[in-house]
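Below: the structure, in C-alpha cells.
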Amino acid sequence: MKLAYYPGCSLHAGAKEYDMSWRAVCELLGIELAEMENWSCCGTVHATNVDRTVSYALAARNVVIAEEMGLEIAATCSGCYKNLRAADEALKADAEIRTAVNTSLPRPFEGTSRVRHPLYVILEDIGLDNLPEIVRPLHGLKVAPYYGCVLTRPVYPEQADDPENPQGLDRLLEALGADVVPYYPWKTKCCGGAVLLSHTEVSIELCAKLLKHAKAAGAQCLAVACPMCQMALDGYQPRIARYLGEQLDIPIIYFTQLMGLALGVDLEKLGFEQLFVSPEKALEVILSRSMQ
Amino acid sequence: MVSESGQSTATGKIRIGREGRSVEPGFKERVGEFLTGADLNMCYQCGTCSGSCPTVSKMRYGPRKIMHMIHLGIAEPVLSSPDIWMCVSCYSCSARCPQGIPISDVMSVLRNISVERGLATDEEATFSKIFLQVLQEHGRMYEPEVLIRYYASVLDVESMAKIAPLGIGMFLKRKIGLLPERIENARELAEISAKIRGEKE
C-alpha cells in the first residue's frame with residue numbers, strides 16, 4: 001500500500017524520532033510513504049483560533065496535494081490529523097464552506113482523498129494478525145496507552161474507535177507483548193498542548209494529572225501518538241515533577257518506537273536517545289533479553 | 001430566580017447584565033453561521049459540557065453558561081471572557097453533548113469573533129496571531145521565531161527564562177534548526193488567507 005505522507009512541522013523538528021520510527025515501521029510493514037511535495041503547516045489550533053475559514057483553507061491546500069497524487073493521507077501528528085480531517089470532512093459535507101475555500105485555493109479541493117492517522121492505518125489496513133514476527137517482545141514492560149484528545153475526537157460518522165475509551169493502541173501494544181496498564185479514563189484526557197506556550201501552568205497542571213495516574217497504575221512509560229502530547233509530557237516533565245513535588249522519571253515513547261523495537265528494527269533507526277526522559281531503564285528488560 | 005447575568009432593578013424589571021450590558025440581536029445566529037449542521041437551539045442546559053471540561057476551574061462562566069449567554073445575546077461578556085481562551089479544544093464537551101452540539105467548535109467561533117472585534121487580549125490570542133503570521137511567511141512553523149516574537153510582544157521575560165533550558169536541550173538534540181524550513185511557494189499561503197478575508201468583508 002502507498003500513502004501520501006504529511007509529516008507536519010513537528011516531525012521535521014522536535015519529533016524527528018517519530019518520523020524516523022514511523023518510516024522504519026512502514027518499511028517493515030510494506031507501506032510505501034510518498035512525502036507530499038511542498039506541504040505547508042496545518043495551522044494547528046492557533047490558526048483555528050484566529051479564523052476558521054482560513055484554517056480550513058490552509059489545511060485543504062494540503063489535502064489537494066494528496067488528491068493530485070491519488071492517495072490517502074497519513075498524518076502522524078494528532079493535531080495535524082485533526083486539522084486536515086476536520087477540513088476534509090467539513091468541505092465534503094458543506095457546499096458553502098467548500099465554495100468559500102475553493103475560491104481561495106490555486107487548485108480546488110475535490111474531496112477524493114481521505115485523512116488517516118498511522119495508528120489506525122496499521123490496525124485497519126495491515127491488521128494485528130498480519131504483523132511481522134515479534135523479534136523483541138515487550139514482555140515485562142508496563143505501558144500506559146495515552147491517546148490524548150484529538151486522535152479519537154471530534155467524533156465523525158465513520159469512527160474508528162471509541163472517543164472516551166478507545167482500544168486500538170491497547171490492542172497494538174498487547175500484540176507486541178507489552179503489559180498494558182489500565183489507564184481509563186486518563187487515556188483520552190487532554191495534555192493542554194493547545195495552550196502549552198501561552199498558559200504553560202494550565203498545561204502543566206493537566207499533564208501532572210496524567211503522569212500521576214500513570215504512575216499510580218504502575219506504568220513504566222507512556223506510549224503516545226502525538227508530538228504535542230509528547231513534548232508537553234516529556235520536555236516539560238521536570239517542571240511537572242516540581243509542580244507535583246515528586247520524582248516522575250516516566251519516559252514518553254512514540255508508539256512507532258515501541259513497535260519498531262518489538263519488530264526488531266535497528267535501534268539507531270528509532271531515535272530513543274532523542275527523548276528527554278531516557279527510556280533506557282524501562283527498556284532494559286527487553287534489550288537485555290534480546291541480547292541473550 | 002435571577003441569573004448571574006441578570007439583575008432586578010427598582011422597578012422590578014430585569015435588566016440584562018450587572019453593568020447594564022445590552023443584548024445583541026442576532027448573536028446566536030452569527031455564532032451558528034459557521035457550524036455546519038449544528039443547532040444551538042437544541043441546548044437544554046444539562047451542564048454535561050461544563051462537567052466534562054478539563055479547564056472549567058479556570059473559567060468565569062464555563063461552557064454551559066456560555067451556551068445560555070449566546071442564546072440571550074449577551075455577546076460582549078462572552079467575547080471578552082478568559083473562558084474562550086482557556087478552552088483547550090479537547091472536544092470532550094462535543095463528544096458528550098446529548099444534543100449533538102459541537103461545543104468545542106462554538107468556543108472556537110467565539111475566539112474568531114473576539115479577534116475580529118478586537119476584544120481578544122488573552123496571551124493565547126497574541127500567540128495565535130503571531131503563529132499564523134510566521135506560518136504565512138515560511139509555509140512551515142519555526143518555533144524559535146514564534147516564541148521570540150511572542151515573548152517580545154507580551155514582554156514576558158520570566159516565561160522566556162523558564163523555557164530557555166528546554167530550548168537549549170532541543171537545540172542540542174537537533175530538534176530545532178538554525179534556520180526556518182521554507183516551502184517553495186510560501187507566498188501562496190498569504191494569498192489564500194487574503195482572498196478569504198477579502199471575501200468576508
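Residue numbers start at 1 in each chain; chains themselves are named A, B, ... in the order of the C-alpha cells; ligands are numbered from 1 in the order shown.
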Selection near region 129-138 of chain A, 8 Å with only C-alpha atoms, sequence-local residues under 5 positions removed, as a list in words: Leu28, Leu29, Leu176, Gly177, Ala178, Asp179, Leu261, Ala262, Leu263, Gly264, Ile286, Leu287 and Ser290 of chain A
Contacts between chain B and chain A, please, where a residue of chain A counts if it comes within 6 Å (with only C-alpha atoms); show its shortest atom pair and distance in Å to one decimal, rows by chain and ascending number, as CSV.
```
residue,atom,partner,partner_atom,distance
A:Cys9,CA,B:Met141,CA,5.9
A:Ala13,CA,B:Lys175,CA,4.8
A:Gly14,CA,B:Lys175,CA,4.3
A:Asn38,CA,B:Ile183,CA,5.5
A:Ser40,CA,B:Gly139,CA,5.1
A:Cys41,CA,B:Arg140,CA,4.8
A:His46,CA,B:Ser128,CA,4.5
A:Ala47,CA,B:Leu132,CA,5.7
A:Asn49,CA,B:Arg111,CA,5.6
A:Val50,CA,B:Asn112,CA,5.1
A:Asp51,CA,B:Asn112,CA,5.4
A:Val54,CA,B:Ser193,CA,5.6
A:Ser104,CA,B:Ile192,CA,4.9
A:Cys149,CA,B:Cys90,CA,5.1
A:Arg153,CA,B:Tyr91,CA,6.0
A:Pro154,CA,B:Tyr91,CA,5.8
A:Cys190,CA,B:Cys90,CA,5.9
A:Gly192,CA,B:Val88,CA,5.7
A:Ala194,CA,B:Val88,CA,5.4
A:Ser198,CA,B:Glu124,CA,5.1
```
Dump as a CSV table (one decimal), in the first residue's frame, selection limited to C-alpha atoms:
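Result written to again.csv:
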```csv
chain,number,residue,atom,x,y,z
A,9,CYS,CA,6.2,20.7,11.2
A,13,ALA,CA,11.9,19.3,14.1
A,14,GLY,CA,11.1,18.4,17.7
A,38,ASN,CA,5.6,21.4,-0.7
A,40,SER,CA,2.5,23.5,4.4
A,41,CYS,CA,1.8,23.8,8.1
A,46,HIS,CA,-3.8,28.5,16.6
A,47,ALA,CA,-4.9,29.3,13.1
A,49,ASN,CA,-8.4,30.5,16.9
A,50,VAL,CA,-7.9,33.4,14.5
A,51,ASP,CA,-10.1,32.4,11.6
A,54,VAL,CA,-8.5,30.4,6.7
A,104,SER,CA,-9.0,31.0,-2.4
A,149,CYS,CA,-7.7,14.3,22.9
A,153,ARG,CA,-12.3,13.3,18.9
A,154,PRO,CA,-14.2,15.1,17.3
A,190,CYS,CA,-6.1,16.4,27.3
A,192,GLY,CA,-3.4,21.1,27.3
A,194,ALA,CA,-3.2,23.9,22.8
A,198,SER,CA,0.6,30.8,26.3
```
Sel. of alpha helix (DSSP H) residues, region 10-153 of chain B, as a VMD selection string: chain B and resid 27 to 32 48 to 52 62 to 72 75 to 79 83 to 86 92 to 96 103 to 116 123 to 138 143 to 153
Distance query Ser288 (chain A) at most 12 Å, only C-alpha atoms, self and fewer than 4 positions along chain excluded, as a ChimeraX atom specification: /A:136-140,280-284,292
